[in-house]
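Text of my_file37.json, listed as JSON, C-alpha atoms:
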```
[["chain", "number", "residue", "atom", "x", "y", "z"],
["A", 13, "MET", "CA", -2.16, 21.06, 36.23],
["A", 14, "THR", "CA", -3.42, 20.51, 32.70],
["A", 15, "ASN", "CA", -4.03, 17.07, 31.21],
["A", 16, "ALA", "CA", -3.90, 16.43, 27.50],
["A", 17, "GLN", "CA", -5.52, 13.51, 25.79],
["A", 18, "ILE", "CA", -5.48, 12.45, 22.16],
["A", 19, "GLY", "CA", -8.84, 11.21, 20.97],
["A", 20, "GLY", "CA", -9.59, 8.86, 18.13],
["A", 21, "VAL", "CA", -7.64, 6.12, 16.42],
["A", 22, "LEU", "CA", -3.93, 6.50, 15.70],
["A", 23, "ASP", "CA", -2.78, 6.04, 12.10],
["A", 24, "PRO", "CA", -0.77, 2.89, 11.30],
["A", 25, "THR", "CA", 3.00, 3.16, 10.74],
["A", 26, "THR", "CA", 3.04, 6.76, 11.94],
["A", 27, "THR", "CA", 5.53, 8.35, 14.33],
["A", 28, "TYR", "CA", 4.00, 10.48, 17.10],
["A", 29, "TYR", "CA", 5.94, 12.91, 19.32],
["A", 30, "TRP", "CA", 5.19, 14.39, 22.73],
["A", 31, "ARG", "CA", 6.84, 16.52, 25.40],
["A", 32, "VAL", "CA", 6.02, 17.23, 29.02],
["A", 33, "VAL", "CA", 6.47, 20.88, 30.01],
["A", 34, "PRO", "CA", 6.04, 21.35, 33.75],
["A", 35, "GLY", "CA", 5.98, 24.91, 34.95],
["A", 36, "ASN", "CA", 4.33, 27.68, 36.88],
["A", 37, "ASP", "CA", 3.57, 31.35, 36.31],
["A", 38, "GLU", "CA", 7.29, 32.21, 36.31],
["A", 39, "HIS", "CA", 9.10, 29.28, 34.67],
["A", 40, "ASP", "CA", 8.58, 26.51, 32.15],
["A", 41, "LEU", "CA", 10.96, 23.56, 32.13],
["A", 42, "PRO", "CA", 10.57, 21.73, 28.81],
["A", 43, "GLY", "CA", 11.43, 18.07, 29.13],
["A", 44, "PRO", "CA", 12.83, 15.81, 26.44],
["A", 45, "ILE", "CA", 10.90, 15.03, 23.28],
["A", 46, "TRP", "CA", 9.58, 11.47, 23.29],
["A", 47, "ARG", "CA", 8.31, 9.47, 20.34],
["A", 48, "PHE", "CA", 6.74, 6.19, 19.34],
["A", 49, "THR", "CA", 5.75, 4.63, 16.03],
["A", 50, "THR", "CA", 2.55, 2.67, 15.59],
["A", 51, "ASP", "CA", 2.61, -0.67, 13.80],
["A", 52, "TRP", "CA", 0.18, -2.12, 11.27],
["A", 53, "GLY", "CA", -2.11, -3.67, 13.85],
["A", 54, "ASP", "CA", -3.21, -7.26, 14.29],
["A", 55, "ASN", "CA", -5.08, -7.73, 11.01],
["A", 56, "VAL", "CA", -2.55, -6.24, 8.59],
["A", 57, "GLN", "CA", 0.14, -8.32, 6.95],
["A", 58, "GLN", "CA", 3.09, -6.62, 5.23],
["A", 59, "ILE", "CA", 4.61, -8.82, 2.55],
["A", 60, "GLY", "CA", 8.26, -8.28, 1.64],
["A", 61, "THR", "CA", 10.73, -5.55, 2.50],
["A", 62, "GLY", "CA", 9.61, -2.94, -0.03],
["A", 63, "THR", "CA", 13.09, -1.60, -0.76],
["A", 64, "ALA", "CA", 13.09, -1.74, -4.60],
["A", 65, "SER", "CA", 11.45, 0.96, -6.72],
["A", 66, "GLY", "CA", 12.51, 0.15, -10.27],
["A", 67, "PHE", "CA", 9.54, -2.04, -11.18],
["A", 68, "GLU", "CA", 6.19, -1.03, -12.64],
["A", 69, "VAL", "CA", 3.97, -2.56, -9.97],
["A", 70, "PRO", "CA", 1.30, -2.23, -8.67],
["A", 71, "PHE", "CA", 0.86, -0.35, -11.97],
["A", 72, "SER", "CA", 2.95, 1.46, -14.54],
["A", 73, "GLY", "CA", 3.32, 5.21, -14.16],
["A", 74, "TYR", "CA", 5.20, 5.38, -17.44],
["A", 75, "ASN", "CA", 2.18, 4.63, -19.63],
["A", 76, "TYR", "CA", -1.23, 6.25, -19.70],
["A", 77, "TYR", "CA", -2.77, 2.78, -19.54],
["A", 78, "SER", "CA", -1.38, -0.36, -17.95],
["A", 79, "TYR", "CA", -2.41, -3.77, -16.67],
["A", 80, "THR", "CA", -0.35, -5.67, -14.10],
["A", 81, "GLN", "CA", -0.65, -8.90, -12.18],
["A", 82, "SER", "CA", 1.42, -9.89, -9.15],
["A", 83, "ILE", "CA", 1.45, -13.10, -7.14],
["A", 84, "TYR", "CA", 1.78, -13.15, -3.36],
["A", 85, "GLN", "CA", 2.59, -16.47, -1.72],
["A", 86, "ALA", "CA", 0.00, -17.85, 0.72],
["A", 87, "ALA", "CA", 2.80, -18.68, 3.17],
["A", 88, "ASP", "CA", 3.86, -15.00, 3.20],
["A", 89, "ILE", "CA", 0.30, -13.82, 3.87],
["A", 90, "GLY", "CA", -0.29, -16.37, 6.61],
["A", 91, "ILE", "CA", -3.93, -15.57, 7.43],
["A", 92, "ILE", "CA", -7.33, -16.79, 6.28],
["A", 93, "GLY", "CA", -10.22, -14.40, 5.92],
["A", 94, "ASP", "CA", -11.53, -11.36, 4.12],
["A", 95, "ILE", "CA", -9.09, -8.95, 2.52],
["A", 96, "GLU", "CA", -10.72, -5.54, 2.94],
["A", 97, "LYS", "CA", -7.83, -3.15, 2.15],
["A", 98, "LEU", "CA", -4.60, -3.01, 0.20],
["A", 99, "TYR", "CA", -1.70, -0.67, 1.00],
["A", 100, "TRP", "CA", 0.86, 0.61, -1.50],
["A", 101, "ASN", "CA", 4.03, 2.48, -0.53],
["A", 102, "TYR", "CA", 4.51, 5.38, -2.96],
["A", 103, "THR", "CA", 7.93, 7.00, -3.56],
["A", 104, "GLY", "CA", 6.33, 10.47, -3.77],
["A", 105, "LEU", "CA", 8.35, 11.70, -6.73],
["A", 106, "ILE", "CA", 5.38, 13.15, -8.67],
["A", 107, "ASN", "CA", 1.75, 14.04, -7.87],
["A", 108, "PHE", "CA", -0.96, 12.32, -9.89],
["A", 109, "ASN", "CA", -4.46, 10.84, -9.91],
["A", 110, "ALA", "CA", -5.11, 7.44, -11.45],
["A", 111, "ASP", "CA", -8.33, 5.67, -12.41],
["A", 112, "LEU", "CA", -7.80, 2.14, -11.10],
["A", 113, "THR", "CA", -9.69, -1.13, -11.23],
["A", 114, "VAL", "CA", -8.32, -3.77, -8.86],
["A", 115, "TYR", "CA", -9.00, -7.50, -9.07],
["A", 116, "LEU", "CA", -8.03, -10.29, -6.65],
["A", 117, "GLY", "CA", -7.98, -14.02, -7.21],
["A", 118, "HIS", "CA", -6.51, -17.35, -6.16],
["A", 119, "THR", "CA", -3.93, -19.33, -8.12],
["A", 120, "GLY", "CA", -1.83, -22.42, -7.71],
["A", 121, "GLN", "CA", 0.96, -20.76, -9.71],
["A", 122, "ASN", "CA", 4.13, -19.70, -7.87],
["A", 123, "ALA", "CA", 5.37, -17.52, -10.74],
["A", 124, "LEU", "CA", 3.81, -15.80, -13.75],
["A", 125, "SER", "CA", 4.69, -16.74, -17.31],
["A", 126, "GLU", "CA", 1.30, -15.52, -18.58],
["A", 127, "PHE", "CA", -1.60, -13.62, -17.05],
["A", 128, "VAL", "CA", -4.13, -15.42, -14.87],
["A", 129, "PRO", "CA", -7.39, -15.33, -16.92],
["A", 130, "GLY", "CA", -9.74, -12.50, -16.02],
["A", 131, "ASP", "CA", -12.65, -14.87, -15.38],
["A", 132, "GLN", "CA", -10.66, -16.28, -12.42],
["A", 133, "LEU", "CA", -10.44, -12.84, -10.77],
["A", 134, "THR", "CA", -12.93, -10.80, -8.73],
["A", 135, "GLN", "CA", -13.23, -7.03, -9.12],
["A", 136, "VAL", "CA", -12.78, -5.55, -5.64],
["A", 137, "PHE", "CA", -12.23, -1.83, -6.35],
["A", 138, "ALA", "CA", -12.88, 0.74, -9.07],
["A", 139, "GLY", "CA", -12.22, 4.43, -8.61],
["A", 140, "GLN", "CA", -9.79, 7.32, -8.73],
["A", 141, "VAL", "CA", -6.86, 7.35, -6.33],
["A", 142, "SER", "CA", -4.64, 10.42, -5.70],
["A", 143, "PHE", "CA", -0.94, 10.01, -4.96],
["A", 144, "SER", "CA", 1.22, 12.91, -3.80],
["A", 145, "GLU", "CA", 3.73, 12.73, -0.99],
["A", 146, "ALA", "CA", 5.77, 9.64, -0.14],
["A", 147, "GLY", "CA", 4.20, 7.05, 2.12],
["A", 148, "TRP", "CA", 1.61, 4.33, 2.42],
["A", 149, "TYR", "CA", -1.72, 4.69, 0.60],
["A", 150, "GLU", "CA", -4.74, 2.71, 1.66],
["A", 151, "ILE", "CA", -7.06, 1.27, -0.99],
["A", 152, "GLU", "CA", -10.30, 0.31, 0.75],
["A", 153, "LEU", "CA", -11.92, -2.44, -1.27],
["A", 154, "THR", "CA", -15.58, -1.99, -2.19],
["A", 155, "THR", "CA", -15.93, -5.79, -2.26],
["A", 156, "PRO", "CA", -14.00, -7.77, 0.39],
["A", 157, "PHE", "CA", -12.17, -10.81, -0.98],
["A", 158, "ALA", "CA", -12.36, -14.15, 0.86],
["A", 159, "PHE", "CA", -8.75, -15.37, 0.91],
["A", 160, "ASN", "CA", -8.38, -19.11, 1.50],
["A", 161, "ASN", "CA", -4.61, -19.13, 2.37],
["A", 162, "PHE", "CA", -3.91, -22.45, 0.65],
["A", 163, "GLU", "CA", -3.63, -20.95, -2.84],
["A", 164, "ASN", "CA", -1.52, -17.93, -3.69],
["A", 165, "LEU", "CA", -3.05, -14.47, -4.11],
["A", 166, "VAL", "CA", -3.15, -12.69, -7.47],
["A", 167, "VAL", "CA", -3.47, -8.89, -7.43],
["A", 168, "ALA", "CA", -4.35, -7.39, -10.82],
["A", 169, "VAL", "CA", -4.46, -3.63, -11.41],
["A", 170, "ASN", "CA", -5.86, -1.93, -14.51],
["A", 171, "LYS", "CA", -4.89, 1.73, -14.75],
["A", 172, "SER", "CA", -7.07, 3.38, -17.36],
["A", 173, "HIS", "CA", -6.15, 7.06, -17.01],
["A", 174, "VAL", "CA", -3.84, 9.46, -15.26],
["A", 175, "ASN", "CA", -3.94, 13.25, -15.03],
["A", 176, "PHE", "CA", -0.32, 13.98, -15.95],
["A", 177, "ALA", "CA", 1.99, 13.44, -18.88],
["A", 178, "TRP", "CA", 3.40, 9.96, -18.36],
["A", 179, "SER", "CA", 6.44, 9.78, -16.17],
["A", 180, "SER", "CA", 8.87, 7.08, -15.14],
["A", 181, "SER", "CA", 8.99, 8.87, -11.76],
["A", 182, "ALA", "CA", 5.59, 7.49, -10.67],
["A", 183, "ARG", "CA", 6.98, 4.51, -8.75],
["A", 184, "PHE", "CA", 6.06, 2.39, -5.78],
["A", 185, "PHE", "CA", 8.29, 0.42, -3.46],
["A", 186, "SER", "CA", 8.24, -3.32, -4.03],
["A", 187, "THR", "CA", 10.21, -6.41, -3.15],
["A", 188, "GLU", "CA", 12.37, -8.08, -5.76],
["A", 189, "VAL", "CA", 12.24, -11.87, -5.79],
["A", 190, "PRO", "CA", 15.45, -12.95, -7.60],
["A", 191, "GLY", "CA", 14.98, -15.64, -10.22],
["A", 192, "VAL", "CA", 11.18, -15.70, -9.92],
["A", 193, "ASN", "CA", 8.79, -13.74, -12.14],
["A", 194, "VAL", "CA", 6.06, -12.75, -9.67],
["A", 195, "SER", "CA", 4.69, -9.83, -11.72],
["A", 196, "LEU", "CA", 3.71, -9.17, -15.32],
["A", 197, "VAL", "CA", 3.09, -5.74, -16.90],
["A", 198, "ALA", "CA", 1.19, -5.04, -20.13]]
```
Would you encode the structure as structure tokens?
Amino acid sequence: MTNAQIGGVLDPTTTYYWRVVPGNDEHDLPGPIWRFTTDWGDNVQQIGTGTASGFEVPFSGYNYYSYTQSIYQAADIGIIGDIEKLYWNYTGLINFNADLTVYLGHTGQNALSEFVPGDQLTQVFAGQVSFSEAGWYEIELTTPFAFNNFENLVVAVNKSHVNFAWSSSARFFSTEVPGVNVSLVA
């Protein structure tokens, strides 16, 4: 009898498959294929459904340079504490690298009619991020952000360079909030 064991930590939102194949020197009897999908874990909060892809957030892939701000409601986040990572769900339609600077901040605004001033935001990440196949991409913040959960969260992204000719195909999944302007793009 042979035992198999998977070591390490399983990736979030990933489907894993396994099969038991009992047998002897003469016969193998493959059993059914089983699967399970991991969730985000206890300290990760997904906001929205992420079914729309026609918006230019978290940043514009159409322009070489862009600046965006998006508001996330405190009630949708639902936790107090340090934000250490962001996750973006990429459509995977084109491969590219982007130089990004990410800022987080608090605001009492529920919608955006103008940008939250930069002096009210904290830089939490600066670096190049590569996007290729479809799926979730983790942005590990170099500076954790202390979220208070009584004000709303502002996420600002400055994209200063990409390594491809601009394309409207560089899109991310997002959630449309009808009648409310929760994001601005410059």
Residues near stretch 82-89 of chain A, anyone? I mean within 6 Å using all atoms listed in the file, not counting same-chain ones fewer than 2 positions away, as a PyMOL selection string. chain A and resi 91+161+163-167+194-195
Rounded to one decimal, what separation in Å do you get between atom CA of A:Phe159 and atom CA of A:Glu96?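 Pair atom CA of A:Phe159 / atom CA of A:Glu96 returns 10.2 Å.
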Distance criterion (all atoms listed in the file): nearest to A:Ala123 out of A:Gly139, A:Pro190, A:Gly43, A:Gly35: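 Closest to A:Ala123 of all the choices is A:Pro190.
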Gap from atom CA of A:Val136 to atom CA of A:Asn107 - Å, one decimal: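 Atom CA of A:Val136 sits 24.5 Å away from atom CA of A:Asn107.
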Using all atoms listed in the file for the distances, tell me which of A:Val33, A:Ala182, A:Ile45, A:Ala168 is nearest to A:Leu105.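 Closest to A:Leu105 of all the choices is A:Ala182.
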Find the distance between atom CA of A:Tyr115 and atom CA of A:Gly62 and write it in Å to one decimal. 21.2 Å
Using only C-alpha atoms, can you tell me which of A:Thr63, A:Asn170, A:Thr27, A:Val141 comes closest to A:Val189?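 Looking at the shortest contact to A:Val189, the residue is A:Thr63.
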Point out the residue among A:Thr154, A:Ser144, A:Thr80, A:Asn193 with the least atom-to-atom distance to A:Asn101, counting only C-alpha atoms.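 Of all the options, A:Ser144 lies closest to A:Asn101.
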Which centre and edge lengths in Å to one decimal define the box along x, y and z that fits every listed atom of stretch 118-137 of chain A plus 3 Å per side, as JSON?
```
{"center_x": -3.9, "center_y": -12.1, "center_z": -12.1, "size_x": 24.6, "size_y": 26.6, "size_z": 18.9}
```
Residue with smallest distance to A:Gln140 - pool A:Thr113, A:Thr26, A:Gln121, A:Thr103, counting only C-alpha atoms: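 The closest residue to A:Gln140 is A:Thr113.
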Neighbour residues at most 12 Å from (-3.6, -4.9, -9.5) (all atoms listed in the file) as a ChimeraX atom specification: /A:68-72,78-84,98-100,111-117,127-128,130,133-138,151,153,165-172,195-198
When you count all atoms listed in the file, which of these residues is closest to A:Asn109: A:Gln132, A:Thr49, A:Asn122, A:His173? A:His173
Requested file, stretch 79-116 of chain A restricted to N, CA and C atoms, as a PDB file, in the first residue's frame:
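File written: selection21.pdb
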```pdb
ATOM      1  N   TYR A  79      -4.983  56.719 -13.896  1.00  0.00           N
ATOM      2  CA  TYR A  79      -5.157  56.863 -12.457  1.00  0.00           C
ATOM      3  C   TYR A  79      -6.628  56.595 -12.166  1.00  0.00           C
ATOM      4  N   THR A  80      -6.899  55.683 -11.250  1.00  0.00           N
ATOM      5  CA  THR A  80      -8.275  55.356 -10.888  1.00  0.00           C
ATOM      6  C   THR A  80      -8.442  55.414  -9.374  1.00  0.00           C
ATOM      7  N   GLN A  81      -9.665  55.676  -8.961  1.00  0.00           N
ATOM      8  CA  GLN A  81     -10.046  55.542  -7.560  1.00  0.00           C
ATOM      9  C   GLN A  81     -11.379  54.806  -7.519  1.00  0.00           C
ATOM     10  N   SER A  82     -11.505  53.908  -6.557  1.00  0.00           N
ATOM     11  CA  SER A  82     -12.749  53.176  -6.338  1.00  0.00           C
ATOM     12  C   SER A  82     -13.056  53.175  -4.855  1.00  0.00           C
ATOM     13  N   ILE A  83     -14.344  53.263  -4.536  1.00  0.00           N
ATOM     14  CA  ILE A  83     -14.801  53.219  -3.143  1.00  0.00           C
ATOM     15  C   ILE A  83     -15.419  51.858  -2.861  1.00  0.00           C
ATOM     16  N   TYR A  84     -15.067  51.299  -1.720  1.00  0.00           N
ATOM     17  CA  TYR A  84     -15.662  50.059  -1.223  1.00  0.00           C
ATOM     18  C   TYR A  84     -16.319  50.360   0.113  1.00  0.00           C
ATOM     19  N   GLN A  85     -17.594  49.998   0.240  1.00  0.00           N
ATOM     20  CA  GLN A  85     -18.361  50.319   1.432  1.00  0.00           C
ATOM     21  C   GLN A  85     -17.863  49.524   2.635  1.00  0.00           C
ATOM     22  N   ALA A  86     -17.743  50.203   3.778  1.00  0.00           N
ATOM     23  CA  ALA A  86     -17.305  49.550   5.016  1.00  0.00           C
ATOM     24  C   ALA A  86     -18.207  48.368   5.357  1.00  0.00           C
ATOM     25  N   ALA A  87     -19.514  48.509   5.136  1.00  0.00           N
ATOM     26  CA  ALA A  87     -20.449  47.428   5.441  1.00  0.00           C
ATOM     27  C   ALA A  87     -20.182  46.189   4.587  1.00  0.00           C
ATOM     28  N   ASP A  88     -19.680  46.375   3.355  1.00  0.00           N
ATOM     29  CA  ASP A  88     -19.360  45.237   2.490  1.00  0.00           C
ATOM     30  C   ASP A  88     -18.057  44.561   2.900  1.00  0.00           C
ATOM     31  N   ILE A  89     -17.153  45.327   3.488  1.00  0.00           N
ATOM     32  CA  ILE A  89     -15.874  44.756   3.938  1.00  0.00           C
ATOM     33  C   ILE A  89     -16.083  44.009   5.246  1.00  0.00           C
ATOM     34  N   GLY A  90     -16.709  44.640   6.211  1.00  0.00           N
ATOM     35  CA  GLY A  90     -17.154  43.960   7.414  1.00  0.00           C
ATOM     36  C   GLY A  90     -16.100  43.530   8.417  1.00  0.00           C
ATOM     37  N   ILE A  91     -14.858  43.934   8.259  1.00  0.00           N
ATOM     38  CA  ILE A  91     -13.830  43.564   9.234  1.00  0.00           C
ATOM     39  C   ILE A  91     -12.956  44.774   9.555  1.00  0.00           C
ATOM     40  N   ILE A  92     -12.423  44.788  10.753  1.00  0.00           N
ATOM     41  CA  ILE A  92     -11.485  45.819  11.178  1.00  0.00           C
ATOM     42  C   ILE A  92     -10.104  45.187  11.224  1.00  0.00           C
ATOM     43  N   GLY A  93      -9.107  45.926  10.811  1.00  0.00           N
ATOM     44  CA  GLY A  93      -7.748  45.412  10.916  1.00  0.00           C
ATOM     45  C   GLY A  93      -6.902  45.781   9.725  1.00  0.00           C
ATOM     46  N   ASP A  94      -5.712  45.233   9.679  1.00  0.00           N
ATOM     47  CA  ASP A  94      -4.760  45.531   8.619  1.00  0.00           C
ATOM     48  C   ASP A  94      -5.148  44.866   7.310  1.00  0.00           C
ATOM     49  N   ILE A  95      -5.140  45.638   6.251  1.00  0.00           N
ATOM     50  CA  ILE A  95      -5.262  45.094   4.900  1.00  0.00           C
ATOM     51  C   ILE A  95      -3.842  44.866   4.416  1.00  0.00           C
ATOM     52  N   GLU A  96      -3.503  43.614   4.122  1.00  0.00           N
ATOM     53  CA  GLU A  96      -2.141  43.248   3.737  1.00  0.00           C
ATOM     54  C   GLU A  96      -2.024  42.849   2.270  1.00  0.00           C
ATOM     55  N   LYS A  97      -3.165  42.522   1.629  1.00  0.00           N
ATOM     56  CA  LYS A  97      -3.146  42.077   0.236  1.00  0.00           C
ATOM     57  C   LYS A  97      -4.418  42.549  -0.448  1.00  0.00           C
ATOM     58  N   LEU A  98      -4.312  42.754  -1.746  1.00  0.00           N
ATOM     59  CA  LEU A  98      -5.460  42.976  -2.609  1.00  0.00           C
ATOM     60  C   LEU A  98      -5.450  41.872  -3.659  1.00  0.00           C
ATOM     61  N   TYR A  99      -6.624  41.505  -4.151  1.00  0.00           N
ATOM     62  CA  TYR A  99      -6.737  40.511  -5.212  1.00  0.00           C
ATOM     63  C   TYR A  99      -7.564  41.105  -6.341  1.00  0.00           C
ATOM     64  N   TRP A 100      -7.088  40.929  -7.583  1.00  0.00           N
ATOM     65  CA  TRP A 100      -7.806  41.394  -8.753  1.00  0.00           C
ATOM     66  C   TRP A 100      -8.019  40.205  -9.676  1.00  0.00           C
ATOM     67  N   ASN A 101      -9.219  40.098 -10.231  1.00  0.00           N
ATOM     68  CA  ASN A 101      -9.583  38.989 -11.101  1.00  0.00           C
ATOM     69  C   ASN A 101      -9.457  39.432 -12.557  1.00  0.00           C
ATOM     70  N   TYR A 102      -8.407  38.943 -13.222  1.00  0.00           N
ATOM     71  CA  TYR A 102      -8.070  39.354 -14.583  1.00  0.00           C
ATOM     72  C   TYR A 102      -8.780  38.464 -15.607  1.00  0.00           C
ATOM     73  N   THR A 103      -9.255  39.075 -16.706  1.00  0.00           N
ATOM     74  CA  THR A 103      -9.948  38.320 -17.754  1.00  0.00           C
ATOM     75  C   THR A 103      -9.009  37.448 -18.578  1.00  0.00           C
ATOM     76  N   GLY A 104      -7.709  37.791 -18.611  1.00  0.00           N
ATOM     77  CA  GLY A 104      -6.732  36.963 -19.310  1.00  0.00           C
ATOM     78  C   GLY A 104      -6.726  37.104 -20.812  1.00  0.00           C
ATOM     79  N   LEU A 105      -7.209  38.215 -21.337  1.00  0.00           N
ATOM     80  CA  LEU A 105      -7.307  38.357 -22.786  1.00  0.00           C
ATOM     81  C   LEU A 105      -6.015  38.806 -23.463  1.00  0.00           C
ATOM     82  N   ILE A 106      -5.044  39.313 -22.690  1.00  0.00           N
ATOM     83  CA  ILE A 106      -3.775  39.763 -23.250  1.00  0.00           C
ATOM     84  C   ILE A 106      -2.727  39.688 -22.142  1.00  0.00           C
ATOM     85  N   ASN A 107      -1.486  39.372 -22.494  1.00  0.00           N
ATOM     86  CA  ASN A 107      -0.399  39.326 -21.507  1.00  0.00           C
ATOM     87  C   ASN A 107       0.277  40.685 -21.429  1.00  0.00           C
ATOM     88  N   PHE A 108       0.530  41.161 -20.209  1.00  0.00           N
ATOM     89  CA  PHE A 108       1.230  42.433 -20.068  1.00  0.00           C
ATOM     90  C   PHE A 108       1.803  42.585 -18.670  1.00  0.00           C
ATOM     91  N   ASN A 109       2.786  43.506 -18.563  1.00  0.00           N
ATOM     92  CA  ASN A 109       3.356  43.922 -17.281  1.00  0.00           C
ATOM     93  C   ASN A 109       2.972  45.376 -17.077  1.00  0.00           C
ATOM     94  N   ALA A 110       2.668  45.743 -15.839  1.00  0.00           N
ATOM     95  CA  ALA A 110       2.304  47.127 -15.552  1.00  0.00           C
ATOM     96  C   ALA A 110       3.057  47.610 -14.319  1.00  0.00           C
ATOM     97  N   ASP A 111       3.587  48.829 -14.399  1.00  0.00           N
ATOM     98  CA  ASP A 111       4.174  49.480 -13.236  1.00  0.00           C
ATOM     99  C   ASP A 111       3.051  50.162 -12.474  1.00  0.00           C
ATOM    100  N   LEU A 112       2.794  49.701 -11.257  1.00  0.00           N
ATOM    101  CA  LEU A 112       1.652  50.174 -10.484  1.00  0.00           C
ATOM    102  C   LEU A 112       2.090  50.798  -9.168  1.00  0.00           C
ATOM    103  N   THR A 113       1.390  51.838  -8.770  1.00  0.00           N
ATOM    104  CA  THR A 113       1.491  52.383  -7.424  1.00  0.00           C
ATOM    105  C   THR A 113       0.070  52.373  -6.875  1.00  0.00           C
ATOM    106  N   VAL A 114      -0.103  51.743  -5.710  1.00  0.00           N
ATOM    107  CA  VAL A 114      -1.425  51.574  -5.113  1.00  0.00           C
ATOM    108  C   VAL A 114      -1.473  52.365  -3.811  1.00  0.00           C
ATOM    109  N   TYR A 115      -2.585  53.062  -3.622  1.00  0.00           N
ATOM    110  CA  TYR A 115      -2.823  53.857  -2.425  1.00  0.00           C
ATOM    111  C   TYR A 115      -4.148  53.424  -1.810  1.00  0.00           C
ATOM    112  N   LEU A 116      -4.235  53.428  -0.488  1.00  0.00           N
ATOM    113  CA  LEU A 116      -5.486  53.168   0.219  1.00  0.00           C
ATOM    114  C   LEU A 116      -5.780  54.330   1.143  1.00  0.00           C
TER     115      LEU A 116
END
```
